[in-house]
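Novice: Data: protein_24.cif, mmCIF, C-alpha atoms.
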```cif
data_final
#
loop_
_atom_site.label_atom_id
_atom_site.label_comp_id
_atom_site.auth_asym_id
_atom_site.auth_seq_id
_atom_site.Cartn_x
_atom_site.Cartn_y
_atom_site.Cartn_z
CA MET A 1 0.00 0.00 0.00
CA GLN A 2 2.80 2.37 0.99
CA ILE A 3 4.68 1.62 -2.17
CA LYS A 4 1.61 2.29 -4.26
CA ARG A 5 1.14 5.64 -2.59
CA PHE A 6 4.73 6.61 -3.26
CA GLY A 7 4.31 5.41 -6.80
CA PHE A 8 1.48 7.87 -7.28
CA LEU A 9 3.55 10.70 -5.85
CA ALA A 10 6.45 9.81 -8.11
CA PHE A 11 4.04 9.82 -11.01
CA LEU A 12 2.92 13.34 -10.08
CA LEU A 13 6.51 14.50 -9.75
CA ALA A 14 7.39 13.02 -13.09
CA PHE A 15 4.48 14.87 -14.66
CA SER A 16 5.55 18.15 -13.20
CA PHE A 17 9.18 17.67 -14.22
CA SER A 18 8.33 16.66 -17.74
CA TRP A 19 6.10 19.71 -18.06
CA ALA A 20 8.92 22.01 -17.12
CA ALA A 21 11.46 20.07 -19.17
CA ASN A 22 9.21 20.27 -22.18
CA ALA A 23 8.85 24.00 -21.76
CA SER A 24 12.59 24.45 -21.24
CA ASN A 25 13.17 22.62 -24.49
CA GLN A 26 10.86 24.95 -26.34
CA HIS A 27 12.18 28.06 -24.70
CA GLY A 28 15.77 26.99 -24.84
CA ASP A 29 15.61 26.43 -28.56
CA GLU A 30 13.82 29.65 -29.13
CA HIS A 31 16.32 31.41 -26.94
CA GLY A 32 19.17 30.29 -29.17
CA HIS A 33 17.18 31.37 -32.15
CA HIS A 34 16.62 34.72 -30.51
CA GLU A 35 20.34 35.31 -30.02
CA GLU A 36 21.01 34.62 -33.66
CA GLN A 37 18.40 36.90 -35.06
CA GLY A 38 17.86 39.28 -32.16
CA GLU A 39 14.21 39.70 -33.10
CA LYS A 40 11.96 38.69 -30.26
CA SER A 41 12.34 39.34 -26.58
CA ILE A 42 11.91 36.41 -24.21
CA LYS A 43 8.54 37.82 -23.13
CA GLU A 44 7.23 37.80 -26.68
CA GLN A 45 8.42 34.24 -27.12
CA ILE A 46 6.65 33.13 -23.95
CA ALA A 47 3.46 34.82 -25.11
CA GLU A 48 3.81 33.04 -28.44
CA VAL A 49 4.27 29.61 -26.86
CA LYS A 50 1.30 30.27 -24.60
CA GLU A 51 -0.92 31.31 -27.47
CA HIS A 52 0.22 28.36 -29.53
CA HIS A 53 -0.66 25.99 -26.70
CA LEU A 54 -4.12 27.43 -26.04
CA LYS A 55 -5.13 27.43 -29.69
CA ASP A 56 -6.14 24.44 -31.73
CA SER A 57 -3.77 23.51 -34.53
CA HIS A 58 -3.63 21.35 -37.62
CA SER A 59 -0.58 19.37 -36.55
CA PHE A 60 0.37 17.76 -33.27
CA HIS A 61 3.42 19.62 -32.04
CA LEU A 62 5.27 17.87 -29.20
CA TRP A 63 8.44 19.87 -28.59
CA GLY A 64 11.25 21.74 -30.28
CA ASP A 65 11.32 24.57 -32.73
CA HIS A 66 10.88 24.75 -36.50
CA ALA A 67 13.57 27.33 -37.12
CA SER A 68 16.38 25.27 -35.58
CA GLY A 69 15.01 22.03 -37.04
CA THR A 70 14.58 20.34 -33.66
CA SER A 71 10.81 20.24 -33.91
CA VAL A 72 9.15 16.91 -33.11
CA GLU A 73 5.59 16.74 -34.34
CA PHE A 74 3.31 14.55 -36.35
CA PRO A 75 0.91 15.63 -39.08
CA LEU A 76 -2.85 15.26 -38.84
CA PRO A 77 -5.32 14.90 -41.70
CA VAL A 78 -6.83 18.06 -43.15
CA ILE A 79 -10.36 17.62 -44.49
CA LEU A 80 -11.90 20.60 -46.27
CA TRP A 81 -15.20 21.09 -48.03
CA ASP A 82 -15.92 23.81 -50.57
CA GLU A 83 -17.61 24.23 -53.98
CA GLY A 84 -14.92 22.06 -55.53
CA GLY A 85 -15.89 19.13 -53.32
CA LEU A 86 -13.98 17.34 -50.61
CA HIS A 87 -10.27 18.02 -50.19
CA PHE A 88 -8.11 15.67 -48.21
CA PHE A 89 -4.40 15.96 -47.48
CA MET A 90 -2.04 15.67 -44.53
CA SER A 91 -1.08 18.82 -42.64
CA SER A 92 2.58 18.04 -43.43
CA ALA A 93 1.82 19.44 -46.90
CA PHE A 94 2.00 22.88 -45.30
CA HIS A 95 5.61 22.16 -44.23
CA HIS A 96 4.97 23.82 -40.85
CA SER A 97 5.03 27.14 -42.62
CA GLU A 98 2.36 29.76 -43.07
CA ASN A 99 3.81 30.67 -46.46
CA GLN A 100 3.25 27.30 -48.11
CA THR A 101 0.29 26.93 -50.44
CA VAL A 102 -1.18 23.48 -50.97
CA GLU A 103 -2.86 22.52 -54.22
CA SER A 104 -5.83 20.12 -54.11
CA LYS A 105 -8.25 19.50 -57.01
CA GLY A 106 -7.35 22.80 -58.62
CA SER A 107 -7.83 24.91 -55.49
CA TYR A 108 -5.04 26.41 -53.43
CA PHE A 109 -5.06 26.56 -49.64
CA ARG A 110 -2.84 28.36 -47.23
CA LEU A 111 -2.53 28.49 -43.46
CA TYR A 112 -2.83 31.99 -42.06
CA HIS A 113 -2.92 32.51 -38.29
CA SER A 114 -3.72 28.79 -37.84
CA LYS A 115 -6.80 29.04 -40.06
CA ILE A 116 -7.02 27.66 -43.58
CA TYR A 117 -7.91 30.10 -46.37
CA LYS A 118 -8.47 29.66 -50.07
CA THR A 119 -5.89 31.55 -52.12
CA ASP A 120 -4.54 31.75 -55.67
CA ALA A 121 -1.44 29.82 -56.73
CA GLU A 122 0.89 32.45 -55.20
CA GLY A 123 -0.92 32.33 -51.85
CA THR A 124 -2.03 35.98 -51.84
CA ILE A 125 -4.01 36.99 -48.78
CA HIS A 126 -6.34 39.96 -49.20
CA TYR A 127 -6.97 42.23 -46.25
CA ASP A 128 -9.70 44.62 -45.21
CA GLU A 129 -9.02 47.91 -43.38
CA GLU A 130 -8.57 46.21 -40.02
CA HIS A 131 -6.00 43.83 -41.48
CA HIS A 132 -8.29 40.80 -41.31
CA ALA A 133 -8.00 38.31 -44.14
CA THR A 134 -10.96 38.49 -46.52
CA ASN A 135 -10.13 35.34 -48.49
CA ALA A 136 -12.81 32.68 -48.76
CA LYS A 137 -12.63 30.03 -46.07
CA PRO A 138 -13.46 26.40 -46.87
CA ILE A 139 -15.54 24.49 -44.33
CA ASP A 140 -12.94 22.84 -42.13
CA PHE A 141 -13.66 19.26 -40.99
CA SER A 142 -10.01 18.58 -40.22
CA ILE A 143 -8.92 16.17 -37.54
CA THR A 144 -7.19 18.91 -35.58
CA LYS A 145 -5.19 18.45 -32.41
CA THR A 146 -8.28 18.85 -30.23
CA VAL A 147 -10.35 16.45 -32.34
CA PHE A 148 -7.51 13.95 -32.33
CA SER A 149 -7.10 14.10 -28.56
CA THR A 150 -10.86 13.90 -28.02
CA ILE A 151 -10.89 10.67 -30.04
CA LEU A 152 -7.88 9.51 -28.02
CA VAL A 153 -9.73 10.14 -24.74
CA GLY A 154 -12.78 8.31 -26.10
CA LEU A 155 -10.71 5.26 -27.05
CA LEU A 156 -8.92 5.36 -23.70
CA LEU A 157 -12.26 5.33 -21.86
CA LEU A 158 -13.59 2.53 -24.07
CA TRP A 159 -10.54 0.42 -23.34
CA LEU A 160 -10.60 1.24 -19.63
CA PHE A 161 -14.27 0.50 -19.06
CA GLY A 162 -14.20 -2.46 -21.45
CA SER A 163 -11.57 -4.10 -19.28
CA VAL A 164 -13.48 -3.17 -16.11
CA ALA A 165 -16.66 -4.72 -17.51
CA LYS A 166 -14.75 -7.88 -18.45
CA LYS A 167 -13.50 -8.20 -14.87
CA TYR A 168 -17.05 -7.98 -13.51
CA ARG A 169 -18.28 -10.61 -15.92
CA LYS A 170 -15.85 -13.12 -14.43
CA ASP A 171 -16.33 -12.22 -10.80
CA PRO A 172 -18.64 -9.76 -9.01
CA VAL A 173 -15.81 -8.81 -6.67
CA PRO A 174 -13.88 -5.91 -8.23
CA ARG A 175 -10.23 -6.61 -8.99
CA GLY A 176 -7.43 -4.59 -10.49
CA ILE A 177 -8.51 -1.37 -12.17
CA ALA A 178 -12.15 -2.12 -11.31
CA LYS A 179 -11.23 -1.61 -7.67
CA PHE A 180 -10.31 1.96 -8.53
CA MET A 181 -13.28 2.69 -10.78
CA GLU A 182 -16.05 1.26 -8.60
CA PRO A 183 -15.94 3.99 -5.92
CA LEU A 184 -16.08 6.65 -8.63
CA VAL A 185 -19.08 5.06 -10.33
CA ILE A 186 -20.76 4.75 -6.91
CA LEU A 187 -19.91 8.39 -6.22
CA VAL A 188 -21.73 9.47 -9.37
CA ARG A 189 -24.68 7.23 -8.53
CA ASP A 190 -25.09 7.89 -4.80
CA ASP A 191 -23.81 11.46 -4.45
CA ILE A 192 -24.81 12.98 -7.77
CA ALA A 193 -27.66 11.10 -9.45
CA LYS A 194 -29.80 9.81 -6.58
CA PRO A 195 -30.12 12.97 -4.44
CA ASN A 196 -30.64 15.29 -7.40
CA ILE A 197 -32.83 13.24 -9.72
CA GLY A 198 -34.62 10.98 -7.26
CA GLU A 199 -34.75 7.23 -6.65
CA LYS A 200 -37.42 6.65 -9.27
CA ASP A 201 -35.88 8.26 -12.35
CA TYR A 202 -32.14 8.33 -11.81
CA LYS A 203 -31.37 5.12 -13.69
CA ARG A 204 -32.31 6.60 -17.08
CA PHE A 205 -29.72 9.35 -16.72
CA MET A 206 -26.86 7.27 -15.32
CA PRO A 207 -25.29 6.40 -18.70
CA TYR A 208 -25.02 10.06 -19.69
CA LEU A 209 -23.86 11.25 -16.27
CA LEU A 210 -21.15 8.59 -16.04
CA THR A 211 -20.00 9.22 -19.60
CA VAL A 212 -19.80 12.97 -19.18
CA PHE A 213 -18.11 12.67 -15.78
CA PHE A 214 -15.36 10.34 -16.94
CA PHE A 215 -14.93 12.10 -20.28
CA ILE A 216 -14.43 15.52 -18.70
CA TRP A 217 -12.20 14.13 -15.99
CA MET A 218 -10.03 12.22 -18.45
CA ALA A 219 -9.88 15.19 -20.84
CA ASN A 220 -8.84 17.48 -17.99
CA MET A 221 -6.23 15.00 -16.79
CA ILE A 222 -4.74 14.52 -20.25
CA GLY A 223 -4.50 18.32 -20.39
CA GLN A 224 -2.13 18.13 -17.40
CA THR A 225 0.33 15.90 -19.22
CA PRO A 226 3.24 17.49 -21.09
CA LEU A 227 1.62 16.55 -24.40
CA GLY A 228 0.20 20.06 -24.46
CA ILE A 229 -3.36 18.95 -25.14
CA ASN A 230 -6.13 21.40 -24.35
CA ILE A 231 -9.51 19.73 -24.91
CA THR A 232 -11.88 21.11 -22.28
CA GLY A 233 -10.19 24.51 -22.51
CA ASN A 234 -11.71 24.78 -25.98
CA ILE A 235 -15.11 26.49 -25.95
CA ALA A 236 -16.41 24.42 -28.89
CA VAL A 237 -15.95 21.22 -26.88
CA THR A 238 -17.69 22.57 -23.79
CA LEU A 239 -20.45 23.99 -26.00
CA GLY A 240 -21.06 20.50 -27.35
CA LEU A 241 -21.22 19.01 -23.86
CA ALA A 242 -23.53 21.76 -22.59
CA LEU A 243 -25.83 21.34 -25.63
CA ILE A 244 -26.24 17.63 -24.88
CA THR A 245 -27.25 18.47 -21.30
CA PHE A 246 -29.63 21.14 -22.63
CA PHE A 247 -31.38 18.79 -25.05
CA ILE A 248 -31.66 15.93 -22.55
CA THR A 249 -33.22 18.37 -20.04
CA GLN A 250 -35.76 19.69 -22.53
CA PHE A 251 -36.73 16.31 -23.94
CA SER A 252 -37.17 14.70 -20.54
CA GLY A 253 -39.19 17.65 -19.21
CA ARG A 254 -42.50 16.59 -17.68
CA LYS A 255 -45.72 18.57 -17.40
CA ASP A 256 -44.67 20.20 -14.14
CA TYR A 257 -41.36 21.38 -15.59
CA TRP A 258 -43.07 23.23 -18.44
CA ALA A 259 -45.76 24.53 -16.10
CA HIS A 260 -43.05 26.06 -13.91
CA ILE A 261 -41.56 27.78 -16.91
CA PHE A 262 -44.63 29.14 -18.67
CA TRP A 263 -47.28 29.41 -15.94
CA MET A 264 -45.70 29.26 -12.50
CA PRO A 265 -48.25 27.74 -10.11
CA GLY A 266 -48.91 29.30 -6.74
CA VAL A 267 -48.04 32.91 -7.50
CA PRO A 268 -50.31 35.85 -8.41
CA TYR A 269 -51.24 36.21 -12.10
CA VAL A 270 -49.22 39.37 -12.64
CA MET A 271 -46.11 37.66 -11.29
CA ARG A 272 -46.66 34.72 -13.66
CA LEU A 273 -46.32 37.07 -16.61
CA VAL A 274 -43.15 38.55 -15.11
CA LEU A 275 -41.66 35.17 -14.31
CA MET A 276 -42.29 33.63 -17.72
CA PRO A 277 -39.55 35.49 -19.66
CA ILE A 278 -37.14 35.06 -16.77
CA GLU A 279 -37.74 31.32 -16.68
CA ILE A 280 -37.39 31.04 -20.46
CA LEU A 281 -34.11 32.94 -20.27
CA GLY A 282 -33.04 30.65 -17.44
CA MET A 283 -33.53 27.64 -19.70
CA PHE A 284 -30.68 28.92 -21.89
CA VAL A 285 -28.55 30.53 -19.20
CA LYS A 286 -28.12 27.20 -17.39
CA PRO A 287 -26.29 25.34 -20.19
CA PHE A 288 -24.49 28.56 -21.11
CA SER A 289 -23.02 28.82 -17.62
CA LEU A 290 -22.07 25.12 -17.77
CA MET A 291 -20.17 25.83 -20.97
CA ILE A 292 -18.39 28.93 -19.66
CA ARG A 293 -17.54 27.44 -16.27
CA LEU A 294 -15.71 24.39 -17.59
CA TYR A 295 -14.00 26.27 -20.41
CA ALA A 296 -12.85 29.21 -18.28
CA ASN A 297 -11.62 27.07 -15.38
CA ILE A 298 -9.47 24.85 -17.55
CA LEU A 299 -8.24 27.69 -19.73
CA ALA A 300 -7.36 29.79 -16.68
CA GLY A 301 -5.49 26.85 -15.17
CA HIS A 302 -3.46 26.34 -18.33
CA VAL A 303 -2.70 30.07 -18.65
CA VAL A 304 -1.52 30.30 -15.04
CA ILE A 305 0.75 27.25 -15.31
CA MET A 306 2.20 28.40 -18.62
CA SER A 307 2.79 31.89 -17.20
CA ILE A 308 4.58 30.58 -14.12
CA ILE A 309 6.72 28.35 -16.33
CA GLY A 310 7.42 31.46 -18.41
CA LEU A 311 8.63 33.26 -15.28
CA ILE A 312 11.29 30.56 -14.83
CA PHE A 313 12.84 31.83 -18.05
CA ILE A 314 12.40 35.52 -17.34
CA PHE A 315 14.26 35.41 -14.02
CA GLY A 316 17.98 34.81 -14.29
CA ALA A 317 18.80 33.91 -10.68
CA TRP A 318 18.77 30.20 -9.90
CA GLY A 319 16.97 30.80 -6.63
CA ALA A 320 14.08 32.48 -8.42
CA LYS A 321 14.05 29.74 -11.07
CA GLY A 322 13.84 27.11 -8.34
CA ALA A 323 11.07 28.97 -6.55
CA PHE A 324 8.97 29.21 -9.72
CA PHE A 325 9.66 25.58 -10.49
CA GLY A 326 8.28 24.70 -7.07
CA LEU A 327 5.27 26.93 -7.70
CA THR A 328 4.65 25.13 -11.01
CA PHE A 329 4.69 21.82 -9.17
CA PHE A 330 2.30 23.13 -6.53
CA LEU A 331 -0.09 24.59 -9.12
CA SER A 332 0.00 21.37 -11.12
CA ILE A 333 -1.27 19.51 -8.05
CA ILE A 334 -3.99 22.14 -7.56
CA GLU A 335 -4.93 21.63 -11.22
CA LEU A 336 -5.31 17.89 -10.63
CA LEU A 337 -7.89 18.79 -7.98
CA VAL A 338 -9.59 21.28 -10.31
CA ALA A 339 -9.68 18.64 -13.06
CA PHE A 340 -11.72 16.38 -10.80
CA LEU A 341 -13.82 19.17 -9.30
CA GLN A 342 -14.90 20.55 -12.66
CA ALA A 343 -15.95 17.10 -13.89
CA TYR A 344 -17.87 16.66 -10.63
CA ILE A 345 -19.58 20.06 -10.88
CA PHE A 346 -20.55 19.61 -14.52
CA THR A 347 -22.09 16.23 -13.74
CA MET A 348 -23.71 17.50 -10.57
CA LEU A 349 -25.35 20.51 -12.24
CA SER A 350 -26.46 18.37 -15.19
CA ALA A 351 -28.11 16.00 -12.71
CA LEU A 352 -29.71 18.96 -10.96
CA TYR A 353 -31.23 20.19 -14.24
CA PHE A 354 -32.43 16.69 -15.14
CA GLY A 355 -33.93 16.44 -11.67
CA SER A 356 -35.89 19.64 -12.13
CA ALA A 357 -37.12 18.37 -15.49
CA VAL A 358 -38.50 15.04 -14.24
CA GLU A 359 -39.77 16.26 -10.88
CA VAL A 360 -43.45 15.66 -10.15
CA HIS A 361 -45.11 18.00 -7.68
CA ASP A 362 -47.79 16.48 -5.47
CA GLU A 363 -49.29 19.70 -4.22
CA HIS A 364 -49.12 23.20 -5.56
CA HIS A 365 -47.17 25.63 -3.50
CA MET B 1 -13.57 60.50 -18.30
CA GLU B 2 -14.64 57.05 -19.38
CA ILE B 3 -14.23 54.19 -16.94
CA PRO B 4 -12.73 51.16 -18.68
CA ALA B 5 -14.82 47.99 -18.79
CA ILE B 6 -12.12 46.03 -17.00
CA VAL B 7 -12.83 48.05 -13.85
CA GLY B 8 -16.40 46.79 -13.88
CA ALA B 9 -15.17 43.25 -14.39
CA GLY B 10 -12.82 43.73 -11.46
CA LEU B 11 -15.68 44.87 -9.24
CA ILE B 12 -17.71 41.82 -10.21
CA VAL B 13 -14.78 39.54 -9.48
CA ILE B 14 -14.39 41.16 -6.05
CA GLY B 15 -18.09 40.55 -5.44
CA ALA B 16 -17.83 36.95 -6.60
CA GLY B 17 -14.79 36.42 -4.38
CA LEU B 18 -16.62 37.80 -1.36
CA GLY B 19 -19.61 35.61 -2.16
CA ILE B 20 -17.58 32.42 -2.48
CA GLY B 21 -15.68 33.34 0.68
CA ARG B 22 -18.93 33.70 2.59
CA ILE B 23 -20.20 30.38 1.29
CA GLY B 24 -16.96 28.66 2.29
CA GLY B 25 -16.97 30.28 5.72
CA SER B 26 -20.60 29.44 6.39
CA ALA B 27 -20.04 25.87 5.25
CA MET B 28 -17.11 25.58 7.68
CA GLU B 29 -19.29 26.79 10.54
CA ALA B 30 -22.11 24.47 9.53
CA ILE B 31 -19.75 21.48 9.39
CA ALA B 32 -18.32 22.42 12.79
CA ARG B 33 -21.82 22.43 14.26
CA GLN B 34 -23.03 19.30 12.51
CA PRO B 35 -20.11 17.17 11.38
CA GLU B 36 -22.47 14.32 10.52
CA ALA B 37 -24.09 16.47 7.78
CA SER B 38 -20.73 17.42 6.21
CA GLY B 39 -21.41 15.49 2.97
CA LYS B 40 -24.64 17.34 2.24
CA ILE B 41 -23.16 20.69 3.25
CA GLN B 42 -20.17 20.17 0.98
CA THR B 43 -22.38 19.37 -1.98
CA ALA B 44 -24.55 22.44 -1.44
CA MET B 45 -21.42 24.55 -0.96
CA ILE B 46 -19.85 23.39 -4.21
CA ILE B 47 -23.04 24.01 -6.20
CA ALA B 48 -23.48 27.53 -4.82
CA ALA B 49 -19.80 28.36 -5.32
CA ALA B 50 -19.91 27.06 -8.89
CA LEU B 51 -22.94 29.22 -9.70
CA ILE B 52 -21.24 32.37 -8.40
CA GLU B 53 -18.03 31.44 -10.17
CA GLY B 54 -20.02 31.35 -13.42
CA ILE B 55 -20.98 35.00 -12.94
CA GLY B 56 -17.35 35.93 -12.31
CA PHE B 57 -16.25 34.24 -15.52
CA ALA B 58 -19.09 35.79 -17.50
CA ALA B 59 -17.87 39.21 -16.35
CA LEU B 60 -14.32 38.45 -17.39
CA PHE B 61 -15.42 37.23 -20.81
CA ALA B 62 -17.69 40.21 -21.40
CA VAL B 63 -14.64 42.50 -21.31
#
```
Could you spell out this file's structure in structure tokens?

Specialist:
Amino acid sequence: MQIKRFGFLAFLLAFSFSWAANASNQHGDEHGHHEEQGEKSIKEQIAEVKEHHLKDSHSFHLWGDHASGTSVEFPLPVILWDEGGLHFFMSSAFHHSENQTVESKGSYFRLYHSKIYKTDAEGTIHYDEEHHATNAKPIDFSITKTVFSTILVGLLLLWLFGSVAKKYRKDPVPRGIAKFMEPLVILVRDDIAKPNIGEKDYKRFMPYLLTVFFFIWMANMIGQTPLGINITGNIAVTLGLALITFFITQFSGRKDYWAHIFWMPGVPYVMRLVLMPIEILGMFVKPFSLMIRLYANILAGHVVIMSIIGLIFIFGAWGAKGAFFGLTFFLSIIELLVAFLQAYIFTMLSALYFGSAVEVHDEHH
Amino acid sequence: MEIPAIVGAGLIVIGAGLGIGRIGGSAMEAIARQPEASGKIQTAMIIAAALIEGIGFAALFAV
């Protein structure tokens, strides 16, 4: 037992170290680059790395720098749709450069600020007064870094729960990884679903609640690894999750749920008219706040950790470097807590909304 | 003189911080009085804190 506990701690330490080592690689390389060309200050470079990490991209960049040729990354498929039909090529066709045009079925595409635009053969970008590109944009179905890591998390969960299910088929006593997962599943059932939805209806919602809980948790956790993945810190992902909760709530709404929205029982008639727009607004505000909460928490966590890592490179003294390294380690542990807490809160609030949708009132109040 | 929007966001964040602080403090007192109800109190505390936190983030994103 003791050894296992230490193993977990060592695992945490390794995570934290690899994070910092990864960043030092990136910064170190860019620092050398900076001395050669004398273009960018270290602060600008840190801001660039941060922005690069928070944004989605068309290739999976692990570490290193393009300019010095130490970059380690793998290409991802680019799938585009426009009038010319479906275009499919690997992102390596861009040669990690924003100046490279790619020809596909007679159309030319170019990366510009991580977005793909349609251009002519020379790759001309047209600008409006505010210096925004006005080129036509194809509809982008690419397997980007976020999409790729989302699929990765999905496969990971499938494998994990597949093996857990196999263990239970042999023997009702949990063994191995099932021993670890069972308390979490029970937590979702007994602490989240049952008290918020009620004994009678909770079973219907368990598959969704468990899926969303473990997906968000795993996505948050994989965001803590030095792979530089940022799934739940992407507002499109959290929008998708919040929309699912929204639709499940609306479609499982019973008579009483709709009555409480459109014609609140037990209050004077004038108040019913006042409450109706507020309640209708509330219908949309609830999933909106779910979306913002998860997105902002994870994004803020990533920004803070990246900034503190950046401070290691800004300060020259070794004492200061060590102090910020320790702070990075500390914040990484806090982020592990936040990763769990956000998954818990998302699931809990979803259950709360489902509960209000299926609730049956015996008497009017 | 025009007051920048970030000042308003700052005020909202101060308010949200005070709110979450109060919730945390009250939950501590409640748990001290009734340790056997700590599970329920924690759940209620987390929900309330999460709702306030949402307002704080909305303010930051509106800027």

Novice: Evaluated on this file, the PyMOL selection byres ((chain A and resi 53) around 12) picks out some residues - which ones are they, written as a PyMOL selection string?

Specialist: chain A and resi 23+26+46-52+54-57+59-63+114+145-146+223+226-231+233-234+299+302-303+305-307

Novice: What is the atom CA of A:Ala300 to atom CA of A:Gly240 distance in Å?

Specialist: 19.7 Å

Novice: Could you tell me which residues the PyMOL selection byres ((chain A and resi 287) around 8) grabs in this file, written as a ChimeraX atom specification?

Specialist: /A:242-243,245-246,283-286,288-291

Novice: Taking only C-alpha atoms into account, find every residue of chain B that has an atom no more than 12 Å from chain A, and write it out as a list in words.

Specialist: Gly39, Lys40, Gln42, Thr43, Ala44, Met45, Ile46, Ile47, Ala48, Ala49, Ala50, Leu51, Ile52, Glu53, Gly54, Ile55, Gly56, Phe57, Ala58, Ala59, Leu60, Phe61 and Ala62 of chain B

Novice: As an exercise, work out the distance from atom CA of A:Glu103 to atom CA of A:His58 in Å and give it to one decimal place.

Specialist: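 If I compute the distance from atom CA of A:Glu103 to atom CA of A:His58, I get 16.7 Å.
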
Novice: Translate the PyMOL selection byres ((chain A and resi 198) around 12) into a concrete residue list for this structure, as a list in words.

Specialist: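 Listing what the PyMOL selection byres ((chain A and resi 198) around 12) selects in the shown file: Arg189, Asp190, Asp191, Ile192, Ala193, Lys194, Pro195, Asn196, Ile197, Glu199, Lys200, Asp201, Tyr202, Lys203, Arg204, Phe205, Met206, Ala351, Leu352, Phe354, Gly355, Ser356, Ala357, Val358, Glu359 and Val360 of chain A.
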